[in-house]
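Heads up, the thing below is written out as structure tokens.
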Amino acid sequence: MRIVFFWFALTILIIVQACVIEKGDDAKGVNSDRLKYANLLNVKNVPDSTIDWHSFCFSDQGAWFGFALPAKKDTNYYGAFTGPFLMTEGKWLSKSLLNFELFDNNSNQIIDFSNATIELNYLPGVLIQSLLVDDLELELALIFANDKSALINYKITNRGEKNIELTPKWKGELFSTAGIFKLSEDKLLAFSKNDSTYFHIDLPFVNSKYVLNKEKKSYQAIGEKIILTSNKTFNTYASVSFNKIERINDPRKSVADNTIRWNAYINKTIATTNAWGDKLEYQKIAVKALNTLVNNWRKPYGHLYHQGLFPSYAVDYFNGFWAWDSWKHAVALAVFEPELAKDQIRTMFDYQNAAGMVADCIYADSSENNWLNTKPPLATWAVYEVFQKTQDTSFVKEMFSKLEKYHKWWYLYRDYNKNSLCEYGSSDQSLVAAKWESGMDNAIRFDNSNMIQIDKNNWAFNQESVDLNCYLFQEKTLLKELSLILNFSEKAKEYQNAADKIQLLINLHFYDEESGYFYDLETKNNLLVKIQGPEGWSPLFTKTASNMQAQKVMRVMMDTTKFASYIPFPTASISENEFSSGYWRGPIWLDQTYFAIASLVNYGKGKEAQQYTYQVFDRLEGLKGDAPIRENYWPFNGRGMRVNHFSWSAAHLLMLYQMDYKDKE
């Protein structure tokens, strides 16, 4: 009941720079949308060091920092939000930058929050604490007012009959190696070790100067005294701003905007006509995916000129934007935040070079961008899917020539024998970069691949990949559709004719009649690379395969000795000799599972596709608890593997949740 009361009060309270005292009230009109989806991810922790990767945080609005709640065991941090975690450096700056205390002027001592009855809740878009100490009720909430500033609301209520005289206090301490506090014209700034990055801590209710310790690693601040009569409530706020000195001029509007935005996110996310759409346990999976995507959202910063998503904030090597991650993110983002979806695509094309290539990955420091390779061509699919959600013709017009240029690049620089069937490759002759280009870095099918030079700056595998050419076929069909949207009728005909030709080549050269499956082709000896992996169902995902071929491929896909494992559709058939727990040599990657399930729908197996989706939703570790969504999963028990809070896994869970399972044929 206490959380219900607080959330209602939070949405209606009037906060101004000068603090106010108001009467308490009962709970009415509760924001039930968010309350149903509390604590889907565990962000209750206090980091033990700057590089504590076991502690997770909450972020919103594309901010480059995040905060967390303390856990119940962390009694010294009751009344504080832990952090911030600094995304630019992948480090925690502090255990708590704003630790709130109350001094009882009647008893002349600090009120001991560690003995409080406490509730800690992460609702979508807000962190909430409720504490009860004797007759004193304290409620705190943290939201992101914008991408630069987190806003913390403090609500103190006297539930007793006697008057209480209190003095609010704040204190904070940085990790010893993290940075220092500085005062600039009475403004409190916390600088990271990288002196160009700082946080502005704004406490409007402080009536005296901030006091720093000798080493400038900690501060204290004292607020004005307040007197609370029986059943009276006091409200104030603080804010923390990244690389900006800012005071939130209208906190009430920030709170209201946050409520409206997150209710819309949730309503759009859970909207589906599928069998699971009215079941709360499955809605929670969709909202967990939503939370994961938003926590990885970053606004423009440094040399990243449009907003987008990290693959995961929870490791330091994923602090940039990747190409095919971006295409996948955009498709899911279009459901609830279409402008972000568009920017996720734009940000990669900001670095399209003169030849048409899109970099593998880009960073806030562009000198770190990877131009050794690109990633599989799913950009046109992403633009088309965003258009389907938005009907934004101007976005199609903006992107069309860039998509064409990227599409042509593949045939100019990744088709060494000019037979219209492309190969993955690299710009430095390295096998590893060519494998990165496939997106399936260490897939079994590439174990015996070699490089062939195309020109002085480009090399390709001696192996034509079926998935690559199916994606290029799909690009042709979708470029045709985009041409029709833009009334380019002649272009539409050209792309349809080109698609027809490439479809014939794919079905002729990559399909093996005996095993009923598609494979890569080793070009020198014209031999199929008979390793069964998810590339074999790419002709079904892209609708390239004939119906006869598709029926045989689906038999392989649904064979329990091959791909129909406990969690369906691993990255190698479990019957392969080289099957293992290696990155792309067996574990479940949810993008490929999504492609497989979409493939079944494309060729008349919608009922089976739904059953496989249930297996994903019901069996993946942590989806129905508060564990993070993982980078990949073990197919035999659903155990989460490798990176936590992985964006494209979340994106494809959301796509599976909202997929149209009606048979296409």
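Residues in the structure tokens are numbered from 1 in each chain, the chains being A, B, ... in the order shown, and ligands are numbered from 1 in the order shown.
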
DSSP says alpha helix (DSSP H) for which residues of segment 339-417 of chain A? Put them as a ChimeraX atom specification? /A:339-349,379-390,393-413

Would you kindly return, as number ranges by chain, each protein, DNA or RNA residue with an atom no farther than 6 Å from any atom of segment 49-52 of chain A, considering only C-alpha atoms and excluding same-chain residues fewer than 3 positions away? A: 55, 91-92

Expected file contents, prior selection, N, CA and C atoms, as a compact mmCIF listing (two decimals), in the first residue's frame:
```
# COMPACT_ATOMS: atom_id res chain seq x y z
N SER A 55 27.34 -5.29 -10.69
CA SER A 55 26.32 -4.34 -10.27
C SER A 55 25.72 -3.68 -11.51
N LYS A 91 32.53 2.87 -15.94
CA LYS A 91 32.98 2.82 -14.55
C LYS A 91 31.95 3.45 -13.62
N TRP A 92 31.93 2.94 -12.38
CA TRP A 92 31.15 3.56 -11.32
C TRP A 92 31.97 4.72 -10.74
```

Selected residue of minimal separation from Ala545 of chain A among A:Phe446, A:Ile502, A:Tyr198, A:Gly582, counting only C-alpha atoms: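 Nearest to Ala545 of chain A: A:Ile502.
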
If we count only C-alpha atoms, what is near segment 398-403 of chain A at a cut-off of 9 Å, once residues fewer than 3 positions away on the same chain are taken out, given as number ranges by chain? A: 345-346, 349, 352, 356, 379-380, 383, 393-395, 406-408, 475, 479, 482-483

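For the residues A:Asp60, A:Glu337, A:Asp48, A:Glu368, ranking by smallest atom-to-atom distance to Asp74 of chain A using only C-alpha atoms places A:Asp48 first.
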
Can you pull out the residues contacting Thr613 of chain A? Cut-off 10 Å, using only C-alpha atoms, and skip same-chain residues under 3 positions away; I want them as an MDAnalysis selection string. chainID A and resid 567:568 593:594 597 608:610 616:619 653 656:657 659

All residues 9 Å or closer to Glu89 of chain A, only C-alpha atoms, same chain fewer than 2 positions away omitted, as a list in words: Phe85, Leu86, Met87, Lys91, Trp92, Asn194, Asp316 and Asn319 of chain A

Might you pull out every residue within 12 Å of Asp135 of chain A, with only C-alpha atoms counted and same-chain residues fewer than 4 positions away left off, and present them as number ranges by chain? A: 111, 116-117, 131, 156-164, 228-232

Same residues, C-alpha atoms, output as an mmCIF file, in the first residue's frame:
```cif
data_model
loop_
_atom_site.group_PDB
_atom_site.id
_atom_site.type_symbol
_atom_site.label_atom_id
_atom_site.label_comp_id
_atom_site.auth_asym_id
_atom_site.auth_seq_id
_atom_site.Cartn_x
_atom_site.Cartn_y
_atom_site.Cartn_z
ATOM 1 C CA ILE A 111 17.635 9.411 12.292
ATOM 2 C CA ALA A 116 13.676 1.393 8.711
ATOM 3 C CA THR A 117 11.018 -0.776 7.169
ATOM 4 C CA LEU A 131 11.082 3.947 4.279
ATOM 5 C CA ILE A 156 8.783 13.301 3.953
ATOM 6 C CA THR A 157 5.551 12.735 5.886
ATOM 7 C CA ASN A 158 4.840 12.930 9.598
ATOM 8 C CA ARG A 159 2.495 10.041 10.439
ATOM 9 C CA GLY A 160 2.549 10.780 14.156
ATOM 10 C CA GLU A 161 0.574 13.177 16.345
ATOM 11 C CA LYS A 162 3.501 15.316 17.540
ATOM 12 C CA ASN A 163 5.306 18.006 15.597
ATOM 13 C CA ILE A 164 8.719 17.053 14.179
ATOM 14 C CA LEU A 228 6.151 18.942 10.153
ATOM 15 C CA THR A 229 2.896 18.921 12.058
ATOM 16 C CA SER A 230 0.771 15.789 12.198
ATOM 17 C CA ASN A 231 -0.030 14.289 8.785
ATOM 18 C CA LYS A 232 1.875 16.998 6.948
#
```

If we count only C-alpha atoms and set the cut-off at 12 Å, which residues sit around Trp459 of chain A, ignoring sequence neighbours fewer than 5 positions away in its own chain? Please answer as an mmCIF file with N, CA and C atoms, in the first residue's frame.
```
data_model
loop_
_atom_site.group_PDB
_atom_site.id
_atom_site.type_symbol
_atom_site.label_atom_id
_atom_site.label_comp_id
_atom_site.auth_asym_id
_atom_site.auth_seq_id
_atom_site.Cartn_x
_atom_site.Cartn_y
_atom_site.Cartn_z
ATOM 1 N N LEU A 372 37.698 -2.448 -40.844
ATOM 2 C CA LEU A 372 38.248 -3.681 -41.407
ATOM 3 C C LEU A 372 37.177 -4.496 -42.118
ATOM 4 N N ASN A 373 35.942 -4.292 -41.716
ATOM 5 C CA ASN A 373 34.829 -5.078 -42.268
ATOM 6 C C ASN A 373 33.532 -4.332 -42.027
ATOM 7 N N TRP A 410 28.530 -4.151 -52.131
ATOM 8 C CA TRP A 410 28.784 -5.584 -51.965
ATOM 9 C C TRP A 410 29.228 -6.224 -53.284
ATOM 10 N N LEU A 412 30.605 -4.701 -55.811
ATOM 11 C CA LEU A 412 31.864 -4.127 -56.276
ATOM 12 C C LEU A 412 33.068 -4.672 -55.503
ATOM 13 N N TYR A 413 32.898 -4.935 -54.219
ATOM 14 C CA TYR A 413 34.044 -5.232 -53.364
ATOM 15 C C TYR A 413 33.950 -6.561 -52.610
ATOM 16 N N ARG A 414 32.898 -7.338 -52.842
ATOM 17 C CA ARG A 414 32.786 -8.638 -52.177
ATOM 18 C C ARG A 414 32.289 -9.717 -53.149
ATOM 19 N N ASP A 415 32.663 -9.598 -54.401
ATOM 20 C CA ASP A 415 32.328 -10.631 -55.400
ATOM 21 C C ASP A 415 33.558 -10.804 -56.275
ATOM 22 N N TYR A 416 34.519 -11.592 -55.795
ATOM 23 C CA TYR A 416 35.832 -11.615 -56.442
ATOM 24 C C TYR A 416 35.783 -12.215 -57.847
ATOM 25 N N ASN A 417 34.854 -13.159 -58.110
ATOM 26 C CA ASN A 417 34.794 -13.773 -59.446
ATOM 27 C C ASN A 417 33.676 -13.205 -60.311
ATOM 28 N N CYS A 422 28.035 -13.176 -53.733
ATOM 29 C CA CYS A 422 29.050 -12.461 -52.949
ATOM 30 C C CYS A 422 29.642 -13.323 -51.844
ATOM 31 N N GLU A 423 30.781 -12.846 -51.350
ATOM 32 C CA GLU A 423 31.484 -13.495 -50.256
ATOM 33 C C GLU A 423 31.707 -12.471 -49.139
ATOM 34 N N TYR A 424 31.774 -12.929 -47.913
ATOM 35 C CA TYR A 424 32.235 -12.071 -46.831
ATOM 36 C C TYR A 424 33.732 -11.841 -46.997
ATOM 37 N N GLY A 425 34.217 -10.702 -46.497
ATOM 38 C CA GLY A 425 35.629 -10.393 -46.661
ATOM 39 C C GLY A 425 36.107 -9.349 -45.686
ATOM 40 N N SER A 426 37.261 -8.758 -46.004
ATOM 41 C CA SER A 426 37.855 -7.752 -45.129
ATOM 42 C C SER A 426 38.698 -6.797 -45.956
ATOM 43 N N SER A 427 39.099 -5.719 -45.320
ATOM 44 C CA SER A 427 39.929 -4.727 -46.008
ATOM 45 C C SER A 427 41.402 -4.875 -45.659
ATOM 46 N N ASP A 428 41.752 -5.905 -44.886
ATOM 47 C CA ASP A 428 43.154 -6.053 -44.484
ATOM 48 C C ASP A 428 43.675 -7.480 -44.665
ATOM 49 N N GLN A 429 42.961 -8.290 -45.415
ATOM 50 C CA GLN A 429 43.361 -9.659 -45.730
ATOM 51 C C GLN A 429 43.190 -10.623 -44.546
ATOM 52 N N SER A 430 42.720 -10.129 -43.405
ATOM 53 C CA SER A 430 42.660 -10.998 -42.239
ATOM 54 C C SER A 430 41.408 -11.863 -42.252
ATOM 55 N N LEU A 431 41.601 -13.125 -41.927
ATOM 56 C CA LEU A 431 40.477 -14.048 -41.799
ATOM 57 C C LEU A 431 39.532 -13.618 -40.687
ATOM 58 N N VAL A 432 40.102 -13.130 -39.582
ATOM 59 C CA VAL A 432 39.261 -12.803 -38.438
ATOM 60 C C VAL A 432 38.291 -11.681 -38.770
ATOM 61 N N ALA A 433 38.747 -10.659 -39.513
ATOM 62 C CA ALA A 433 37.845 -9.564 -39.871
ATOM 63 C C ALA A 433 36.769 -10.041 -40.847
ATOM 64 N N ALA A 434 37.127 -10.944 -41.744
ATOM 65 C CA ALA A 434 36.130 -11.500 -42.665
ATOM 66 C C ALA A 434 35.073 -12.293 -41.894
ATOM 67 N N LYS A 435 35.512 -13.004 -40.873
ATOM 68 C CA LYS A 435 34.553 -13.733 -40.038
ATOM 69 C C LYS A 435 33.671 -12.760 -39.265
ATOM 70 N N GLU A 437 32.775 -9.957 -40.344
ATOM 71 C CA GLU A 437 31.838 -9.407 -41.316
ATOM 72 C C GLU A 437 30.585 -10.265 -41.443
ATOM 73 N N ASN A 450 39.761 -19.548 -46.708
ATOM 74 C CA ASN A 450 40.970 -18.795 -47.061
ATOM 75 C C ASN A 450 40.568 -17.487 -47.725
ATOM 76 N N MET A 451 41.538 -16.580 -47.849
ATOM 77 C CA MET A 451 41.268 -15.268 -48.414
ATOM 78 C C MET A 451 41.785 -15.155 -49.841
ATOM 79 N N ILE A 452 41.028 -14.435 -50.672
ATOM 80 C CA ILE A 452 41.398 -14.154 -52.060
ATOM 81 C C ILE A 452 41.360 -12.641 -52.259
ATOM 82 N N GLN A 453 42.378 -12.099 -52.883
ATOM 83 C CA GLN A 453 42.453 -10.648 -53.068
ATOM 84 C C GLN A 453 41.562 -10.202 -54.215
ATOM 85 N N ILE A 454 40.825 -9.115 -53.963
ATOM 86 C CA ILE A 454 39.981 -8.500 -54.997
ATOM 87 C C ILE A 454 40.700 -7.296 -55.599
#
```

Suppose you want the space between atom CA of Gly90 of chain A and atom CA of Asn39 of chain A; what is it in Å?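 Here the two named atoms are 23.5 Å from each other.
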